[in-house]
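Working notes, structure below.
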Amino acid sequence: MENIVPVVDAAIKKSGLSLKDIDGIAFTQAPGLIGALLVGGQFAKSLALSLNKPLIAVHHMQAHVLANLLQEPAPAFPFLCLTVSGGHTQIVLCSSPTSMKVIGETIDDAAGEAFDKTAKLLGLPYPGGPLIDKYAQLGEAIYKFPEPKIDNLNFSFSGLKTSILYFLNNAGTANVYKEELIVDTKVRKQFIDENLNNICASVQERIISILINKLKKAVLQTGITNVCVAGGVSANSDLRKALTETGIALGWKTFIPAFEYCTDNAAMIAISGYYQYLANDFSPINIAPTASSSF
Ligand code: KG4
Ligand code: ZN
């Protein structure tokens, strides 16, 4: 609440425009943390009313997908997008800027959650994804965590989280599937301290192989070879590398947004608002933000 007015003022100033140059007011309607959505939504409605401009409600996850259109070359339609964030893991088939279908998604934890929960087990602060990425660059993926067996295009990360927990509780001495043989907390901590880089590299390698293997499956099933990534986890350096390398090996055209357009950002909301404006997709002033929403 304290920041919304200064942030909008700064953005307008930086853009070199004035409020009267703006054709519509786009805002994130869902999904997300309800407090943040309420502040943004209320401010957008007030601005739209006072300027007499149309209000445009944007879907947070669709906006992540459209972040791929912010830079040149942009992917041609149709394209597939692996959207990986703190709350979502989806494969989206995008036919146009306003037509998208989720063809695969997580049945439990999101990929970002797998990073963040692993970081917590390792005693690292939130959000843990960027830290695991950093330490992974210094280590080797010598520990082999299991890949979940799921036939369709859906994902599951909760089993991986459990196997990492057991692995750490056994200080890496026992089979990762087994719960027993719990070591004392001092031994556990020492094991983590001495092997942090290799543990991070191993966890990261497995999360990425789960994501890339499902993408390969989605390309085979749909015949679509324009492949994008989006969402906070697409800032991960090894995921970016793996997608580029897989694309070269399999003849895909791959698209990876710049770092600043991977994590939550306002530009992706603006470009979604732009396409919805062109499609006359406006919202009534009484529209309410919602914390969870599929599409
Ligand atoms: O899309 P996002 O900014 O926020 C939403 O969840 O909507 O994504 C945040 C997630 C967090 O789970 C964070 O740990 C993860 O993205 N993340 C990363 C990296 N940077 C951010 N995960 C792995 N490697 C990274 N470099
Ligand atoms: Zn997000």
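Going through the structure tokens in order, the chains are called A, B, and so on, while each chain numbers its residues from 1 and the ligands are numbered from 1 in the order shown.
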**Request:** Write as a PyMOL selection string the residues around ligand 1, taking 8 Å as the cut-off and counting only C-alpha atoms and all ligand atoms.
**Result:** chain A and resi 32+60-61+64+84-88+111-116+126-134+230-237+262-265
**Prompt:** range 181-252 of chain A: which residues are alpha helix (DSSP H) by DSSP, as an MDAnalysis selection string?
**Reply:** chainID A and resid 185:222 237:250
**Message:** Please list as a PyMOL selection string every residue within 6 Å of Ala136 in chain A, counting only C-alpha atoms and excluding residues in the same chain fewer than 6 positions away.
**Reply:** chain A and resi 197+200-201
Only N, CA, C and O atoms, please: the residues just picked out, written as a PDB file, in the first residue's frame.
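The file below, again-v5.pdb, is the result:
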ATOM      1  N   ASN A 197      27.585 -28.103  -2.255  1.00  0.00           N
ATOM      2  CA  ASN A 197      27.621 -27.842  -3.705  1.00  0.00           C
ATOM      3  C   ASN A 197      27.174 -29.064  -4.505  1.00  0.00           C
ATOM      4  O   ASN A 197      26.404 -28.941  -5.460  1.00  0.00           O
ATOM      5  N   CYS A 200      23.373 -29.639  -4.060  1.00  0.00           N
ATOM      6  CA  CYS A 200      22.612 -28.671  -4.873  1.00  0.00           C
ATOM      7  C   CYS A 200      22.675 -29.046  -6.355  1.00  0.00           C
ATOM      8  O   CYS A 200      21.663 -29.006  -7.057  1.00  0.00           O
ATOM      9  N   ALA A 201      23.865 -29.417  -6.832  1.00  0.00           N
ATOM     10  CA  ALA A 201      24.006 -29.793  -8.244  1.00  0.00           C
ATOM     11  C   ALA A 201      23.152 -31.015  -8.559  1.00  0.00           C
ATOM     12  O   ALA A 201      22.518 -31.093  -9.630  1.00  0.00           O
TER      13      ALA A 201
END
**Request:** Have a look at CA of Leu47 in chain A and CA of Ile285 in chain A and let me know their distance in Å, one decimal.
**Result:**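 Those two atoms sit 10.9 Å apart.
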**Asked** Hey, what does DSSP flag as strand (DSSP E or B) within range 110-232 of chain A? Can you give it to me as a PyMOL selection string?
**Response** chain A and resi 155+226-230
I need the chosen residues saved as a compact mmCIF listing (two decimals), in the first residue's frame, with C-alpha atoms.
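Here's the written file selection_3.txt:
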# COMPACT_ATOMS: atom_id res chain seq x y z
CA PHE A 155 4.52 -33.43 -13.07
CA ASN A 226 8.51 -23.75 -30.94
CA VAL A 227 9.31 -24.09 -27.24
CA CYS A 228 9.46 -21.34 -24.61
CA VAL A 229 10.00 -21.12 -20.87
CA ALA A 230 8.52 -18.68 -18.37
**Message:** Just checking: using only C-alpha atoms, which residue out of A:Thr244, A:Ile210, A:Val203, A:Pro257 ends up closest to Thr89 in chain A?
**Reply:** A:Ile210
**Message:** For range 164-170 of chain A, find every residue with an atom within 12 Å (counting only C-alpha atoms), except residues of its own chain fewer than 6 positions away, and show them as a PyMOL selection string.
**Reply:** chain A and resi 114-115+117-123+143-146+157-158+176-193+195-196+199-200+202-204+206-207
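Proximity of A:Tyr135, A:Phe255, A:Phe282, A:Tyr261 to ligand 2, computed with only C-alpha atoms and all ligand atoms, is greatest for A:Tyr261.
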**Prompt:** At what distance in Å, to one decimal, does CA of Ile25 in chain A lie from CA of Ile56 in chain A?
**Reply:** 5.9 Å
**Item:** Interatomic distance, CA of Gly139 in chain A to CA of Leu250 in chain A (Å, one decimal)
**Value:**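 Going from CA of Gly139 in chain A over to CA of Leu250 in chain A covers 27.6 Å.
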For Lys253 in chain A: contacts at 12 Å, only C-alpha atoms, fewer than 3 positions along chain excluded, given as a PDB file with N, CA and C atoms, in the first residue's frame:
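Written output follows (around11.pdb):
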ATOM      1  N   PRO A  73      13.885 -12.314 -31.447  1.00  0.00           N
ATOM      2  CA  PRO A  73      12.708 -12.755 -32.176  1.00  0.00           C
ATOM      3  C   PRO A  73      11.694 -13.370 -31.210  1.00  0.00           C
ATOM      4  N   ALA A  74      10.410 -13.089 -31.442  1.00  0.00           N
ATOM      5  CA  ALA A  74       9.355 -13.675 -30.611  1.00  0.00           C
ATOM      6  C   ALA A  74       8.942 -15.012 -31.227  1.00  0.00           C
ATOM      7  N   PRO A  75       8.444 -15.952 -30.427  1.00  0.00           N
ATOM      8  CA  PRO A  75       8.023 -17.245 -30.985  1.00  0.00           C
ATOM      9  C   PRO A  75       6.787 -17.083 -31.872  1.00  0.00           C
ATOM     10  N   ALA A  76       6.756 -17.856 -32.981  1.00  0.00           N
ATOM     11  CA  ALA A  76       5.560 -17.857 -33.835  1.00  0.00           C
ATOM     12  C   ALA A  76       4.521 -18.774 -33.189  1.00  0.00           C
ATOM     13  N   PHE A  77       3.242 -18.498 -33.426  1.00  0.00           N
ATOM     14  CA  PHE A  77       2.162 -19.361 -32.912  1.00  0.00           C
ATOM     15  C   PHE A  77       1.946 -20.539 -33.861  1.00  0.00           C
ATOM     16  N   PRO A  78       1.568 -21.719 -33.363  1.00  0.00           N
ATOM     17  CA  PRO A  78       1.441 -22.046 -31.941  1.00  0.00           C
ATOM     18  C   PRO A  78       2.804 -22.356 -31.334  1.00  0.00           C
ATOM     19  N   PHE A  79       2.905 -22.129 -30.005  1.00  0.00           N
ATOM     20  CA  PHE A  79       4.122 -22.556 -29.317  1.00  0.00           C
ATOM     21  C   PHE A  79       3.767 -23.229 -27.991  1.00  0.00           C
ATOM     22  N   LEU A  80       4.727 -24.002 -27.487  1.00  0.00           N
ATOM     23  CA  LEU A  80       4.576 -24.605 -26.159  1.00  0.00           C
ATOM     24  C   LEU A  80       5.353 -23.757 -25.171  1.00  0.00           C
ATOM     25  N   CYS A  81       4.834 -23.627 -23.963  1.00  0.00           N
ATOM     26  CA  CYS A  81       5.576 -22.884 -22.942  1.00  0.00           C
ATOM     27  C   CYS A  81       5.611 -23.684 -21.642  1.00  0.00           C
ATOM     28  N   VAL A 219       6.327 -32.135 -26.959  1.00  0.00           N
ATOM     29  CA  VAL A 219       6.666 -31.836 -28.359  1.00  0.00           C
ATOM     30  C   VAL A 219       6.274 -33.025 -29.237  1.00  0.00           C
ATOM     31  N   ILE A 224       4.489 -29.671 -32.031  1.00  0.00           N
ATOM     32  CA  ILE A 224       4.880 -28.253 -31.990  1.00  0.00           C
ATOM     33  C   ILE A 224       6.331 -28.154 -31.526  1.00  0.00           C
ATOM     34  N   THR A 225       7.163 -27.474 -32.324  1.00  0.00           N
ATOM     35  CA  THR A 225       8.593 -27.425 -31.991  1.00  0.00           C
ATOM     36  C   THR A 225       9.079 -26.010 -31.622  1.00  0.00           C
ATOM     37  N   ASN A 226       8.147 -25.055 -31.518  1.00  0.00           N
ATOM     38  CA  ASN A 226       8.513 -23.751 -30.940  1.00  0.00           C
ATOM     39  C   ASN A 226       8.311 -23.882 -29.438  1.00  0.00           C
ATOM     40  N   VAL A 227       9.388 -23.785 -28.680  1.00  0.00           N
ATOM     41  CA  VAL A 227       9.311 -24.092 -27.244  1.00  0.00           C
ATOM     42  C   VAL A 227       9.876 -22.937 -26.410  1.00  0.00           C
ATOM     43  N   CYS A 228       9.060 -22.459 -25.466  1.00  0.00           N
ATOM     44  CA  CYS A 228       9.461 -21.336 -24.613  1.00  0.00           C
ATOM     45  C   CYS A 228       9.500 -21.773 -23.147  1.00  0.00           C
ATOM     46  N   VAL A 229      10.127 -20.963 -22.321  1.00  0.00           N
ATOM     47  CA  VAL A 229      10.004 -21.124 -20.866  1.00  0.00           C
ATOM     48  C   VAL A 229       9.542 -19.808 -20.262  1.00  0.00           C
ATOM     49  N   LEU A 243      17.617 -26.363 -21.920  1.00  0.00           N
ATOM     50  CA  LEU A 243      16.608 -26.113 -22.960  1.00  0.00           C
ATOM     51  C   LEU A 243      17.293 -25.770 -24.286  1.00  0.00           C
ATOM     52  N   THR A 244      18.303 -24.935 -24.222  1.00  0.00           N
ATOM     53  CA  THR A 244      19.021 -24.552 -25.450  1.00  0.00           C
ATOM     54  C   THR A 244      19.655 -25.793 -26.090  1.00  0.00           C
ATOM     55  N   GLU A 245      20.323 -26.615 -25.266  1.00  0.00           N
ATOM     56  CA  GLU A 245      21.007 -27.798 -25.808  1.00  0.00           C
ATOM     57  C   GLU A 245      20.018 -28.815 -26.370  1.00  0.00           C
ATOM     58  N   THR A 246      18.890 -29.015 -25.659  1.00  0.00           N
ATOM     59  CA  THR A 246      17.882 -29.960 -26.149  1.00  0.00           C
ATOM     60  C   THR A 246      17.305 -29.448 -27.466  1.00  0.00           C
ATOM     61  N   GLY A 247      17.082 -28.150 -27.549  1.00  0.00           N
ATOM     62  CA  GLY A 247      16.550 -27.546 -28.772  1.00  0.00           C
ATOM     63  C   GLY A 247      17.473 -27.786 -29.957  1.00  0.00           C
ATOM     64  N   ILE A 248      18.785 -27.604 -29.719  1.00  0.00           N
ATOM     65  CA  ILE A 248      19.759 -27.814 -30.807  1.00  0.00           C
ATOM     66  C   ILE A 248      19.758 -29.286 -31.216  1.00  0.00           C
ATOM     67  N   ALA A 249      19.727 -30.175 -30.215  1.00  0.00           N
ATOM     68  CA  ALA A 249      19.802 -31.618 -30.506  1.00  0.00           C
ATOM     69  C   ALA A 249      18.559 -32.119 -31.239  1.00  0.00           C
ATOM     70  N   LEU A 250      17.395 -31.566 -30.907  1.00  0.00           N
ATOM     71  CA  LEU A 250      16.143 -32.120 -31.448  1.00  0.00           C
ATOM     72  C   LEU A 250      15.490 -31.228 -32.506  1.00  0.00           C
ATOM     73  N   ILE A 256      13.896 -18.050 -24.624  1.00  0.00           N
ATOM     74  CA  ILE A 256      14.092 -17.892 -23.178  1.00  0.00           C
ATOM     75  C   ILE A 256      14.058 -16.400 -22.863  1.00  0.00           C
TER      76      ILE A 256
END
**Item:** Selected residue of minimal separation from Ala63 in chain A among A:Ile22, A:Leu215, A:Tyr274, A:Lys13, counting only C-alpha atoms
**Value:** A:Tyr274
